[in-house]
>>> print(open('my_file-v9.cif').read())   # mmCIF, C-alpha atoms
data_my_file
#
loop_
_atom_site.group_PDB
_atom_site.id
_atom_site.type_symbol
_atom_site.label_atom_id
_atom_site.label_comp_id
_atom_site.auth_asym_id
_atom_site.auth_seq_id
_atom_site.Cartn_x
_atom_site.Cartn_y
_atom_site.Cartn_z
ATOM 1 C CA MET E 15 -8.496 20.061 1.071
ATOM 2 C CA THR E 16 -5.020 19.131 2.293
ATOM 3 C CA VAL E 17 -3.405 16.049 0.790
ATOM 4 C CA THR E 18 -1.536 13.703 3.100
ATOM 5 C CA LEU E 19 0.767 10.864 2.136
ATOM 6 C CA ARG E 20 1.178 7.791 4.294
ATOM 7 C CA PRO E 21 2.368 4.202 3.954
ATOM 8 C CA GLY E 22 -0.307 1.919 2.603
ATOM 9 C CA ARG E 23 -1.896 -0.746 4.790
ATOM 10 C CA ALA E 24 -3.595 -4.055 4.077
ATOM 11 C CA ASP E 25 -7.001 -2.443 4.618
ATOM 12 C CA ASP E 26 -6.271 0.030 1.773
ATOM 13 C CA LEU E 27 -5.810 -2.608 -0.911
ATOM 14 C CA LEU E 28 -9.404 -2.985 -2.156
ATOM 15 C CA ALA E 29 -9.668 0.802 -2.520
ATOM 16 C CA VAL E 30 -6.243 0.869 -4.208
ATOM 17 C CA GLY E 31 -7.490 -1.719 -6.713
ATOM 18 C CA ALA E 32 -10.631 0.285 -7.488
ATOM 19 C CA LEU E 33 -8.635 3.505 -7.884
ATOM 20 C CA HIS E 34 -6.099 1.679 -10.072
ATOM 21 C CA GLN E 35 -8.915 0.559 -12.393
ATOM 22 C CA ARG E 36 -10.418 4.076 -12.646
ATOM 23 C CA SER E 37 -7.002 5.631 -13.209
ATOM 24 C CA ARG E 38 -5.927 3.251 -15.956
ATOM 25 C CA ALA E 39 -9.327 3.425 -17.675
ATOM 26 C CA ALA E 40 -9.110 7.227 -17.835
ATOM 27 C CA ALA E 41 -5.447 7.300 -18.870
ATOM 28 C CA TYR E 42 -5.701 4.569 -21.505
ATOM 29 C CA ALA E 43 -9.117 5.498 -22.967
ATOM 30 C CA PRO E 44 -7.598 7.483 -25.865
ATOM 31 C CA PHE E 45 -5.857 4.399 -27.273
ATOM 32 C CA LEU E 46 -7.510 1.227 -25.880
ATOM 33 C CA THR E 47 -11.013 -0.099 -26.443
ATOM 34 C CA THR E 48 -13.783 0.101 -23.862
ATOM 35 C CA GLU E 49 -13.814 -3.703 -23.716
ATOM 36 C CA THR E 50 -10.080 -3.830 -22.971
ATOM 37 C CA LEU E 51 -10.442 -1.191 -20.262
ATOM 38 C CA ALA E 52 -13.301 -3.050 -18.556
ATOM 39 C CA GLU E 53 -10.914 -5.805 -17.461
ATOM 40 C CA PRO E 54 -9.715 -6.368 -14.895
ATOM 41 C CA THR E 55 -12.593 -5.210 -12.746
ATOM 42 C CA PRO E 56 -12.029 -3.070 -9.644
ATOM 43 C CA ALA E 57 -12.574 -6.157 -7.464
ATOM 44 C CA ALA E 58 -10.052 -8.172 -9.489
ATOM 45 C CA LEU E 59 -7.476 -5.388 -9.166
ATOM 46 C CA GLY E 60 -8.145 -5.272 -5.421
ATOM 47 C CA GLN E 61 -7.395 -9.004 -5.283
ATOM 48 C CA TYR E 62 -4.274 -8.448 -7.410
ATOM 49 C CA TRP E 63 -3.023 -5.857 -4.882
ATOM 50 C CA HIS E 64 -3.769 -8.204 -1.956
ATOM 51 C CA GLU E 65 -1.740 -10.965 -3.585
ATOM 52 C CA ARG E 66 1.096 -8.658 -4.559
ATOM 53 C CA TRP E 67 1.198 -7.044 -1.108
ATOM 54 C CA SER E 68 1.403 -10.445 0.584
ATOM 55 C CA HIS E 69 4.547 -11.325 -1.400
ATOM 56 C CA GLU E 70 6.301 -7.946 -1.650
ATOM 57 C CA ARG E 71 5.578 -5.869 1.422
ATOM 58 C CA ALA E 72 8.965 -6.632 3.005
ATOM 59 C CA ASP E 73 10.928 -4.767 0.309
ATOM 60 C CA HIS E 74 8.314 -2.688 -1.550
ATOM 61 C CA LEU E 75 6.510 0.456 -0.445
ATOM 62 C CA LEU E 76 2.928 1.399 -1.174
ATOM 63 C CA THR E 77 2.289 5.080 -0.483
ATOM 64 C CA VAL E 78 -1.298 6.321 -0.498
ATOM 65 C CA ALA E 79 -2.471 9.898 -0.895
ATOM 66 C CA GLU E 80 -5.595 11.054 0.892
ATOM 67 C CA ARG E 81 -7.591 14.232 0.474
ATOM 68 C CA ASP E 82 -10.198 14.764 3.161
ATOM 69 C CA SER E 83 -9.721 11.143 4.309
ATOM 70 C CA GLN E 84 -10.467 9.821 0.808
ATOM 71 C CA LEU E 85 -7.940 7.822 -1.195
ATOM 72 C CA VAL E 86 -7.014 9.932 -4.249
ATOM 73 C CA GLY E 87 -3.739 8.406 -5.412
ATOM 74 C CA PHE E 88 -0.944 5.959 -4.737
ATOM 75 C CA SER E 89 2.570 5.039 -5.714
ATOM 76 C CA TYR E 90 4.369 1.725 -5.477
ATOM 77 C CA LEU E 91 8.111 1.116 -5.552
ATOM 78 C CA GLY E 92 10.606 -1.612 -4.938
ATOM 79 C CA PRO E 93 13.932 -3.037 -6.051
ATOM 80 C CA ASP E 94 14.605 -3.560 -9.743
ATOM 81 C CA ASP E 95 15.505 -7.212 -9.203
ATOM 82 C CA GLN E 96 15.856 -8.080 -12.872
ATOM 83 C CA ARG E 97 18.287 -5.320 -13.771
ATOM 84 C CA ASP E 98 20.648 -3.869 -11.211
ATOM 85 C CA PRO E 99 20.724 -3.952 -7.395
ATOM 86 C CA ALA E 100 21.612 -0.229 -7.339
ATOM 87 C CA THR E 101 18.345 0.578 -9.151
ATOM 88 C CA GLY E 102 14.891 1.070 -7.671
ATOM 89 C CA LEU E 103 11.778 0.578 -9.768
ATOM 90 C CA LEU E 104 8.794 2.908 -9.606
ATOM 91 C CA HIS E 105 6.086 0.380 -10.394
ATOM 92 C CA ALA E 106 3.109 2.719 -10.309
ATOM 93 C CA VAL E 107 1.766 6.196 -9.830
ATOM 94 C CA HIS E 108 -2.019 6.279 -10.136
ATOM 95 C CA LEU E 109 -4.453 9.095 -9.412
ATOM 96 C CA GLU E 110 -8.170 9.608 -9.338
ATOM 97 C CA PRO E 111 -8.927 11.075 -12.771
ATOM 98 C CA ALA E 112 -10.185 14.349 -11.213
ATOM 99 C CA GLU E 113 -6.788 14.764 -9.483
ATOM 100 C CA ARG E 114 -4.770 14.913 -12.703
ATOM 101 C CA GLY E 115 -3.028 18.242 -13.180
ATOM 102 C CA ARG E 116 -3.352 19.298 -9.527
ATOM 103 C CA GLY E 117 0.179 18.445 -8.377
ATOM 104 C CA LEU E 118 -0.608 15.165 -6.646
ATOM 105 C CA GLY E 119 1.369 13.070 -9.146
ATOM 106 C CA ARG E 120 4.430 15.272 -8.612
ATOM 107 C CA MET E 121 4.001 14.942 -4.853
ATOM 108 C CA LEU E 122 3.841 11.137 -5.052
ATOM 109 C CA MET E 123 6.800 10.999 -7.437
ATOM 110 C CA ALA E 124 8.927 13.271 -5.213
ATOM 111 C CA ALA E 125 8.155 11.105 -2.180
ATOM 112 C CA ALA E 126 9.006 7.941 -4.133
ATOM 113 C CA LEU E 127 12.327 9.375 -5.315
ATOM 114 C CA ALA E 128 13.204 10.462 -1.775
ATOM 115 C CA GLU E 129 12.452 6.943 -0.519
ATOM 116 C CA MET E 130 14.605 5.430 -3.261
ATOM 117 C CA ARG E 131 17.505 7.668 -2.245
ATOM 118 C CA ALA E 132 16.981 6.720 1.408
ATOM 119 C CA ARG E 133 17.208 3.038 0.416
ATOM 120 C CA GLY E 134 20.593 3.710 -1.157
ATOM 121 C CA TRP E 135 19.605 3.251 -4.775
ATOM 122 C CA ARG E 136 21.553 5.413 -7.226
ATOM 123 C CA VAL E 137 19.194 5.057 -10.190
ATOM 124 C CA ALA E 138 15.413 4.966 -10.552
ATOM 125 C CA ALA E 139 13.635 3.192 -13.394
ATOM 126 C CA LEU E 140 10.051 2.765 -14.548
ATOM 127 C CA TRP E 141 8.009 1.395 -17.435
ATOM 128 C CA VAL E 142 5.332 3.400 -19.269
ATOM 129 C CA LEU E 143 3.043 2.511 -22.163
ATOM 130 C CA ARG E 144 4.420 3.947 -25.395
ATOM 131 C CA GLN E 145 0.992 5.292 -26.360
ATOM 132 C CA ASN E 146 0.501 7.109 -23.052
ATOM 133 C CA GLY E 147 1.757 10.540 -24.129
ATOM 134 C CA PRO E 148 0.553 12.429 -21.041
ATOM 135 C CA ALA E 149 2.357 10.022 -18.681
ATOM 136 C CA ARG E 150 5.516 10.138 -20.782
ATOM 137 C CA ARG E 151 5.475 13.973 -20.679
ATOM 138 C CA PHE E 152 4.857 13.890 -16.919
ATOM 139 C CA TYR E 153 7.881 11.676 -16.331
ATOM 140 C CA GLU E 154 10.095 13.572 -18.764
ATOM 141 C CA GLN E 155 9.242 16.836 -16.998
ATOM 142 C CA GLY E 156 10.331 15.090 -13.779
ATOM 143 C CA GLY E 157 13.787 14.319 -15.173
ATOM 144 C CA TRP E 158 13.165 10.793 -16.466
ATOM 145 C CA ARG E 159 14.618 9.792 -19.860
ATOM 146 C CA PRO E 160 13.784 6.850 -22.137
ATOM 147 C CA THR E 161 16.504 4.214 -22.295
ATOM 148 C CA GLY E 162 15.534 2.703 -25.655
ATOM 149 C CA VAL E 163 14.607 -0.598 -23.982
ATOM 150 C CA THR E 164 11.108 -1.885 -24.736
ATOM 151 C CA GLU E 165 8.939 -4.790 -23.624
ATOM 152 C CA GLU E 166 5.586 -6.002 -24.832
ATOM 153 C CA GLU E 167 2.826 -6.920 -22.427
ATOM 154 C CA LEU E 168 -0.881 -7.539 -22.648
ATOM 155 C CA VAL E 169 -3.317 -4.926 -21.385
ATOM 156 C CA GLY E 170 -6.371 -7.129 -21.172
ATOM 157 C CA SER E 171 -6.054 -9.026 -24.432
ATOM 158 C CA THR E 172 -4.440 -6.120 -26.309
ATOM 159 C CA PRO E 173 -0.675 -6.171 -26.901
ATOM 160 C CA ALA E 174 1.016 -2.965 -25.749
ATOM 161 C CA VAL E 175 4.610 -1.746 -25.884
ATOM 162 C CA LEU E 176 6.226 -0.512 -22.681
ATOM 163 C CA LEU E 177 9.148 1.918 -22.711
ATOM 164 C CA ARG E 178 11.758 1.861 -19.970
ATOM 165 C CA TYR E 179 12.688 5.206 -18.433
ATOM 166 C CA ARG E 180 15.405 6.005 -15.907
ATOM 167 C CA ARG E 181 16.856 8.872 -13.947
ATOM 168 C CA GLU E 182 19.762 9.377 -11.618
ATOM 169 C CA LEU E 183 19.000 9.777 -7.952
#
>>> encode(input="my_file-v9.cif", output="C-alpha coordinates")
Amino acid sequence: MTVTLRPGRADDLLAVGALHQRSRAAAYAPFLTTETLAEPTPAALGQYWHERWSHERADHLLTVAERDSQLVGFSYLGPDDQRDPATGLLHAVHLEPAERGRGLGRMLMAAALAEMRARGWRVAALWVLRQNGPARRFYEQGGWRPTGVTEEELVGSTPAVLLRYRREL
(Lines of atoms letter the chains of each structure in order from A and count residues from 1; the text may use other names and numbers.)
(Lines give C-alpha, C1' and ligand atoms only; values in the text may rest on other atoms or scores of the structure.)
Protein backbone atom coordinates (compact mmCIF):
# COMPACT_ATOMS: atom_id res chain seq x y z
CA MET A 1 0.00 0.00 0.00
CA THR A 2 3.03 2.27 -0.35
CA VAL A 3 2.74 5.21 -2.73
CA THR A 4 5.69 5.99 -4.97
CA LEU A 5 6.25 9.10 -7.05
CA ARG A 6 8.22 9.02 -10.28
CA PRO A 7 8.62 11.10 -13.43
CA GLY A 8 5.94 10.39 -15.98
CA ARG A 9 6.77 8.63 -19.24
CA ALA A 10 5.17 8.59 -22.67
CA ASP A 11 3.62 5.19 -21.94
CA ASP A 12 1.76 6.71 -18.94
CA LEU A 13 -0.16 9.29 -20.95
CA LEU A 14 -3.28 7.29 -21.87
CA ALA A 15 -3.71 6.27 -18.22
CA VAL A 16 -3.06 9.88 -17.15
CA GLY A 17 -5.84 11.01 -19.51
CA ALA A 18 -8.30 8.46 -18.12
CA LEU A 19 -7.43 9.38 -14.53
CA HIS A 20 -7.72 13.09 -15.39
CA GLN A 21 -11.26 12.50 -16.70
CA ARG A 22 -12.32 10.52 -13.59
CA SER A 23 -10.77 13.09 -11.27
CA ARG A 24 -12.37 16.12 -12.89
CA ALA A 25 -15.76 14.39 -13.17
CA ALA A 26 -15.74 13.63 -9.44
CA ALA A 27 -14.42 17.06 -8.42
CA TYR A 28 -16.72 19.08 -10.67
CA ALA A 29 -19.91 16.99 -10.27
CA PRO A 30 -21.35 19.28 -7.57
CA PHE A 31 -21.48 22.26 -9.94
CA LEU A 32 -21.34 21.03 -13.57
CA THR A 33 -23.87 18.97 -15.51
CA THR A 34 -23.40 15.29 -16.32
CA GLU A 35 -23.32 16.21 -20.02
CA THR A 36 -20.53 18.73 -19.46
CA LEU A 37 -18.53 16.22 -17.44
CA ALA A 38 -18.84 13.52 -20.12
CA GLU A 39 -16.57 15.50 -22.44
CA PRO A 40 -13.79 15.14 -23.14
CA THR A 41 -13.74 11.37 -22.99
CA PRO A 42 -10.88 9.49 -21.31
CA ALA A 43 -9.46 8.66 -24.75
CA ALA A 44 -9.62 12.31 -25.82
CA LEU A 45 -7.84 13.39 -22.64
CA GLY A 46 -5.20 10.73 -23.28
CA GLN A 47 -4.66 12.23 -26.74
CA TYR A 48 -4.55 15.72 -25.19
CA TRP A 49 -1.76 14.58 -22.84
CA HIS A 50 0.16 12.97 -25.73
CA GLU A 51 0.02 16.22 -27.69
CA ARG A 52 0.91 18.36 -24.71
CA TRP A 53 3.77 16.06 -23.69
CA SER A 54 5.24 16.18 -27.20
CA HIS A 55 5.48 19.99 -27.05
CA GLU A 56 6.32 20.59 -23.38
CA ARG A 57 8.40 17.74 -22.03
CA ALA A 58 11.66 19.69 -22.30
CA ASP A 59 10.64 22.25 -19.65
CA HIS A 60 7.62 20.70 -17.90
CA LEU A 61 7.47 17.82 -15.44
CA LEU A 62 4.78 15.19 -15.18
CA THR A 63 4.99 13.31 -11.88
CA VAL A 64 2.88 10.19 -11.45
CA ALA A 65 1.89 8.54 -8.19
CA GLU A 66 1.51 4.78 -8.03
CA ARG A 67 0.01 2.61 -5.33
CA ASP A 68 0.66 -1.09 -5.81
CA SER A 69 1.85 -0.40 -9.38
CA GLN A 70 -1.43 1.35 -10.24
CA LEU A 71 -1.58 4.99 -11.31
CA VAL A 72 -3.50 6.87 -8.58
CA GLY A 73 -2.52 10.50 -9.16
CA PHE A 74 -0.35 12.95 -11.03
CA SER A 75 0.92 16.49 -11.01
CA TYR A 76 2.15 18.65 -13.86
CA LEU A 77 4.28 21.78 -13.63
CA GLY A 78 6.23 24.11 -15.83
CA PRO A 79 7.27 27.72 -16.31
CA ASP A 80 4.67 30.47 -16.07
CA ASP A 81 5.62 31.85 -19.49
CA GLN A 82 2.85 34.42 -19.65
CA ARG A 83 3.57 36.09 -16.33
CA ASP A 84 7.03 36.10 -14.84
CA PRO A 85 10.17 34.03 -15.52
CA ALA A 86 10.75 33.69 -11.76
CA THR A 87 7.37 31.95 -11.38
CA GLY A 88 6.55 28.28 -11.89
CA LEU A 89 3.02 27.17 -12.69
CA LEU A 90 1.41 24.12 -11.10
CA HIS A 91 -0.83 23.13 -13.99
CA ALA A 92 -2.50 20.13 -12.39
CA VAL A 93 -2.88 17.88 -9.40
CA HIS A 94 -5.35 15.08 -10.08
CA LEU A 95 -6.17 12.01 -8.00
CA GLU A 96 -8.29 8.93 -8.32
CA PRO A 97 -11.51 9.88 -6.51
CA ALA A 98 -10.97 7.15 -3.88
CA GLU A 99 -7.57 8.71 -3.03
CA ARG A 100 -8.99 12.06 -1.93
CA GLY A 101 -8.34 12.80 1.72
CA ARG A 102 -5.56 10.20 2.08
CA GLY A 103 -2.56 12.54 1.82
CA LEU A 104 -1.64 11.83 -1.78
CA GLY A 105 -2.52 15.34 -2.97
CA ARG A 106 -0.28 16.84 -0.29
CA MET A 107 2.51 14.47 -1.30
CA LEU A 108 2.24 15.48 -4.97
CA MET A 109 2.04 19.17 -4.09
CA ALA A 110 5.10 18.97 -1.80
CA ALA A 111 7.09 17.24 -4.55
CA ALA A 112 5.99 19.85 -7.10
CA LEU A 113 7.00 22.73 -4.81
CA ALA A 114 10.38 21.12 -4.15
CA GLU A 115 10.94 20.77 -7.91
CA MET A 116 9.97 24.40 -8.46
CA ARG A 117 12.51 25.49 -5.85
CA ALA A 118 15.16 23.28 -7.47
CA ARG A 119 14.46 25.00 -10.80
CA GLY A 120 15.18 28.35 -9.18
CA TRP A 121 11.67 29.74 -9.25
CA ARG A 122 10.84 32.07 -6.35
CA VAL A 123 7.06 32.00 -6.72
CA ALA A 124 4.54 29.27 -7.55
CA ALA A 125 1.19 29.96 -9.18
CA LEU A 126 -1.85 27.93 -10.17
CA TRP A 127 -5.40 28.33 -11.46
CA VAL A 128 -8.44 26.74 -9.81
CA LEU A 129 -12.13 26.83 -10.68
CA ARG A 130 -13.93 29.34 -8.48
CA GLN A 131 -16.72 26.85 -7.76
CA ASN A 132 -14.32 24.11 -6.65
CA GLY A 133 -14.43 24.78 -2.90
CA PRO A 134 -12.63 21.59 -1.84
CA ALA A 135 -9.67 22.31 -4.16
CA ARG A 136 -9.52 25.93 -3.03
CA ARG A 137 -9.44 24.82 0.64
CA PHE A 138 -6.76 22.23 -0.18
CA TYR A 139 -4.52 24.86 -1.76
CA GLU A 140 -5.18 27.45 0.93
CA GLN A 141 -4.23 24.91 3.61
CA GLY A 142 -0.99 24.41 1.64
CA GLY A 143 -0.10 28.11 1.86
CA TRP A 144 -1.53 29.29 -1.46
CA ARG A 145 -3.43 32.61 -1.57
CA PRO A 146 -5.78 34.04 -4.21
CA THR A 147 -4.32 36.95 -6.15
CA GLY A 148 -7.62 38.50 -7.26
CA VAL A 149 -6.83 37.71 -10.91
CA THR A 150 -9.51 35.75 -12.78
CA GLU A 151 -9.89 34.21 -16.22
CA GLU A 152 -12.85 32.60 -17.91
CA GLU A 153 -12.53 29.33 -19.77
CA LEU A 154 -14.89 26.73 -21.12
CA VAL A 155 -15.28 23.41 -19.33
CA GLY A 156 -16.91 21.50 -22.14
CA SER A 157 -19.38 24.10 -23.37
CA THR A 158 -19.93 25.64 -19.93
CA PRO A 159 -18.20 28.92 -19.07
CA ALA A 160 -16.26 28.74 -15.81
CA VAL A 161 -14.25 31.29 -13.85
CA LEU A 162 -10.70 30.41 -12.83
CA LEU A 163 -9.00 32.06 -9.86
CA ARG A 164 -5.24 32.57 -9.80
CA TYR A 165 -3.43 31.53 -6.63
CA ARG A 166 0.21 32.01 -5.69
CA ARG A 167 2.67 31.27 -2.93
CA GLU A 168 6.26 32.09 -2.20
CA LEU A 169 8.78 29.32 -2.57
>>> resolve_selection(input="my_file-v9.cif", expression="the PyMOL selection byres ((chain E and resi 167-180) around 12)", output="PyMOL selection string")
chain E and resi 35+38-39+42+45-55+94+97+101-105+127+136-147+149-154+156-166+181-183
>>> closest_residue(input="my_file-v9.cif", among="E:Ala40, E:Val78, E:Ala106, E:Ala132", to="Asp25 of chain E", atoms="all atoms listed in the file")
E:Val78
>>> atom_distance(input="my_file-v9.cif", atom1="atom CA of Asp95 of chain E", atom2="atom CA of Met123 of chain E")
20.3 Å
>>> atom_distance(input="my_file-v9.cif", atom1="atom CA of Asp73 of chain E", atom2="atom CA of Leu91 of chain E")
8.8 Å
>>> residues_around(input="my_file-v9.cif", residues="Glu80 of chain E", least_positions_apart="2", cutoff="9 Å", atoms="all atoms listed in the file", output="list in words")
Thr16, Val17, Thr18, Leu19, Arg20, Val78, Asp82, Ser83, Gln84, Leu85, Val86, Gly87 and Phe88 of chain E
>>> closest_residue(input="my_file-v9.cif", among="E:Ala32, E:Gly22, E:Gly60, E:Ser37", to="Ala112 of chain E", atoms="all atoms listed in the file")
E:Ser37
>>> closest_residue(input="my_file-v9.cif", among="E:Pro99, E:Pro93, E:Pro44, E:Pro21", to="Leu122 of chain E", atoms="only C-alpha atoms")
E:Pro21
>>> atom_distance(input="my_file-v9.cif", atom1="atom CA of His34 of chain E", atom2="atom CA of Met130 of chain E")
22.1 Å
>>> residues_near_point(input="my_file-v9.cif", point="(3.1, -9.0, -0.9)", cutoff="12 Å", atoms="all atoms listed in the file", output="ChimeraX atom specification")
/E:22-24,27,61-76,90,92
>>> write_last_selection(input="my_file-v9.cif", atoms="C-alpha atoms", output="short mmCIF file (atom, residue, chain, number, x, y, z; two decimals), keeping the file's coordinate frame")
data_model
loop_
_atom_site.label_atom_id
_atom_site.label_comp_id
_atom_site.auth_asym_id
_atom_site.auth_seq_id
_atom_site.Cartn_x
_atom_site.Cartn_y
_atom_site.Cartn_z
CA GLY E 22 -0.31 1.92 2.60
CA ARG E 23 -1.90 -0.75 4.79
CA ALA E 24 -3.60 -4.06 4.08
CA LEU E 27 -5.81 -2.61 -0.91
CA GLN E 61 -7.40 -9.00 -5.28
CA TYR E 62 -4.27 -8.45 -7.41
CA TRP E 63 -3.02 -5.86 -4.88
CA HIS E 64 -3.77 -8.20 -1.96
CA GLU E 65 -1.74 -10.96 -3.58
CA ARG E 66 1.10 -8.66 -4.56
CA TRP E 67 1.20 -7.04 -1.11
CA SER E 68 1.40 -10.44 0.58
CA HIS E 69 4.55 -11.32 -1.40
CA GLU E 70 6.30 -7.95 -1.65
CA ARG E 71 5.58 -5.87 1.42
CA ALA E 72 8.96 -6.63 3.00
CA ASP E 73 10.93 -4.77 0.31
CA HIS E 74 8.31 -2.69 -1.55
CA LEU E 75 6.51 0.46 -0.44
CA LEU E 76 2.93 1.40 -1.17
CA TYR E 90 4.37 1.72 -5.48
CA GLY E 92 10.61 -1.61 -4.94
#
>>> closest_residue(input="my_file-v9.cif", among="E:Arg120, E:Ala100, E:Ala41, E:Arg36", to="Pro56 of chain E", atoms="all atoms listed in the file")
E:Arg36
>>> build_atoms(input="my_file-v9.cif", residues="segment 21-47 of chain E", atoms="N, CA and C atoms", output="PDB file, in the frame of the given file")
ATOM      1  N   PRO E  21       2.162   5.572   4.426  1.00  0.00           N
ATOM      2  CA  PRO E  21       2.368   4.202   3.954  1.00  0.00           C
ATOM      3  C   PRO E  21       1.026   3.481   3.834  1.00  0.00           C
ATOM      4  N   GLY E  22       0.900   2.703   2.785  1.00  0.00           N
ATOM      5  CA  GLY E  22      -0.307   1.919   2.603  1.00  0.00           C
ATOM      6  C   GLY E  22      -0.395   0.798   3.618  1.00  0.00           C
ATOM      7  N   ARG E  23      -1.627   0.352   3.856  1.00  0.00           N
ATOM      8  CA  ARG E  23      -1.896  -0.746   4.790  1.00  0.00           C
ATOM      9  C   ARG E  23      -2.738  -1.802   4.073  1.00  0.00           C
ATOM     10  N   ALA E  24      -2.809  -2.963   4.660  1.00  0.00           N
ATOM     11  CA  ALA E  24      -3.595  -4.055   4.077  1.00  0.00           C
ATOM     12  C   ALA E  24      -5.046  -3.640   3.864  1.00  0.00           C
ATOM     13  N   ASP E  25      -5.596  -2.830   4.774  1.00  0.00           N
ATOM     14  CA  ASP E  25      -7.001  -2.443   4.618  1.00  0.00           C
ATOM     15  C   ASP E  25      -7.218  -1.382   3.541  1.00  0.00           C
ATOM     16  N   ASP E  26      -6.159  -0.906   2.895  1.00  0.00           N
ATOM     17  CA  ASP E  26      -6.271   0.030   1.773  1.00  0.00           C
ATOM     18  C   ASP E  26      -6.399  -0.684   0.429  1.00  0.00           C
ATOM     19  N   LEU E  27      -6.080  -1.959   0.370  1.00  0.00           N
ATOM     20  CA  LEU E  27      -5.810  -2.608  -0.911  1.00  0.00           C
ATOM     21  C   LEU E  27      -7.030  -2.738  -1.824  1.00  0.00           C
ATOM     22  N   LEU E  28      -8.219  -2.953  -1.293  1.00  0.00           N
ATOM     23  CA  LEU E  28      -9.404  -2.985  -2.156  1.00  0.00           C
ATOM     24  C   LEU E  28      -9.654  -1.615  -2.780  1.00  0.00           C
ATOM     25  N   ALA E  29      -9.497  -0.559  -1.989  1.00  0.00           N
ATOM     26  CA  ALA E  29      -9.668   0.802  -2.520  1.00  0.00           C
ATOM     27  C   ALA E  29      -8.562   1.138  -3.508  1.00  0.00           C
ATOM     28  N   VAL E  30      -7.342   0.666  -3.269  1.00  0.00           N
ATOM     29  CA  VAL E  30      -6.243   0.869  -4.208  1.00  0.00           C
ATOM     30  C   VAL E  30      -6.572   0.198  -5.538  1.00  0.00           C
ATOM     31  N   GLY E  31      -7.105  -1.022  -5.486  1.00  0.00           N
ATOM     32  CA  GLY E  31      -7.490  -1.719  -6.713  1.00  0.00           C
ATOM     33  C   GLY E  31      -8.556  -0.969  -7.495  1.00  0.00           C
ATOM     34  N   ALA E  32      -9.565  -0.461  -6.811  1.00  0.00           N
ATOM     35  CA  ALA E  32     -10.631   0.285  -7.488  1.00  0.00           C
ATOM     36  C   ALA E  32     -10.091   1.578  -8.093  1.00  0.00           C
ATOM     37  N   LEU E  33      -9.242   2.280  -7.352  1.00  0.00           N
ATOM     38  CA  LEU E  33      -8.635   3.505  -7.884  1.00  0.00           C
ATOM     39  C   LEU E  33      -7.741   3.173  -9.077  1.00  0.00           C
ATOM     40  N   HIS E  34      -6.975   2.102  -8.980  1.00  0.00           N
ATOM     41  CA  HIS E  34      -6.099   1.679 -10.072  1.00  0.00           C
ATOM     42  C   HIS E  34      -6.926   1.459 -11.341  1.00  0.00           C
ATOM     43  N   GLN E  35      -8.065   0.811 -11.216  1.00  0.00           N
ATOM     44  CA  GLN E  35      -8.915   0.559 -12.393  1.00  0.00           C
ATOM     45  C   GLN E  35      -9.439   1.874 -12.976  1.00  0.00           C
ATOM     46  N   ARG E  36      -9.908   2.787 -12.146  1.00  0.00           N
ATOM     47  CA  ARG E  36     -10.418   4.076 -12.646  1.00  0.00           C
ATOM     48  C   ARG E  36      -9.310   4.881 -13.311  1.00  0.00           C
ATOM     49  N   SER E  37      -8.130   4.871 -12.690  1.00  0.00           N
ATOM     50  CA  SER E  37      -7.002   5.631 -13.209  1.00  0.00           C
ATOM     51  C   SER E  37      -6.561   5.107 -14.572  1.00  0.00           C
ATOM     52  N   ARG E  38      -6.384   3.804 -14.680  1.00  0.00           N
ATOM     53  CA  ARG E  38      -5.927   3.251 -15.956  1.00  0.00           C
ATOM     54  C   ARG E  38      -6.988   3.399 -17.036  1.00  0.00           C
ATOM     55  N   ALA E  39      -8.266   3.250 -16.677  1.00  0.00           N
ATOM     56  CA  ALA E  39      -9.327   3.425 -17.675  1.00  0.00           C
ATOM     57  C   ALA E  39      -9.311   4.846 -18.230  1.00  0.00           C
ATOM     58  N   ALA E  40      -9.145   5.830 -17.373  1.00  0.00           N
ATOM     59  CA  ALA E  40      -9.110   7.227 -17.835  1.00  0.00           C
ATOM     60  C   ALA E  40      -7.857   7.513 -18.651  1.00  0.00           C
ATOM     61  N   ALA E  41      -6.716   7.015 -18.193  1.00  0.00           N
ATOM     62  CA  ALA E  41      -5.447   7.300 -18.870  1.00  0.00           C
ATOM     63  C   ALA E  41      -5.341   6.586 -20.214  1.00  0.00           C
ATOM     64  N   TYR E  42      -5.877   5.373 -20.304  1.00  0.00           N
ATOM     65  CA  TYR E  42      -5.701   4.569 -21.505  1.00  0.00           C
ATOM     66  C   TYR E  42      -6.876   4.674 -22.480  1.00  0.00           C
ATOM     67  N   ALA E  43      -7.938   5.382 -22.106  1.00  0.00           N
ATOM     68  CA  ALA E  43      -9.117   5.498 -22.967  1.00  0.00           C
ATOM     69  C   ALA E  43      -8.816   6.049 -24.360  1.00  0.00           C
ATOM     70  N   PRO E  44      -7.858   6.977 -24.514  1.00  0.00           N
ATOM     71  CA  PRO E  44      -7.598   7.483 -25.865  1.00  0.00           C
ATOM     72  C   PRO E  44      -7.026   6.457 -26.836  1.00  0.00           C
ATOM     73  N   PHE E  45      -6.496   5.333 -26.339  1.00  0.00           N
ATOM     74  CA  PHE E  45      -5.857   4.399 -27.273  1.00  0.00           C
ATOM     75  C   PHE E  45      -6.227   2.934 -27.054  1.00  0.00           C
ATOM     76  N   LEU E  46      -7.053   2.603 -26.068  1.00  0.00           N
ATOM     77  CA  LEU E  46      -7.510   1.227 -25.880  1.00  0.00           C
ATOM     78  C   LEU E  46      -9.035   1.179 -25.927  1.00  0.00           C
ATOM     79  N   THR E  47      -9.562   0.035 -26.309  1.00  0.00           N
ATOM     80  CA  THR E  47     -11.013  -0.099 -26.443  1.00  0.00           C
ATOM     81  C   THR E  47     -11.695  -0.142 -25.088  1.00  0.00           C
TER      82      THR E  47
END
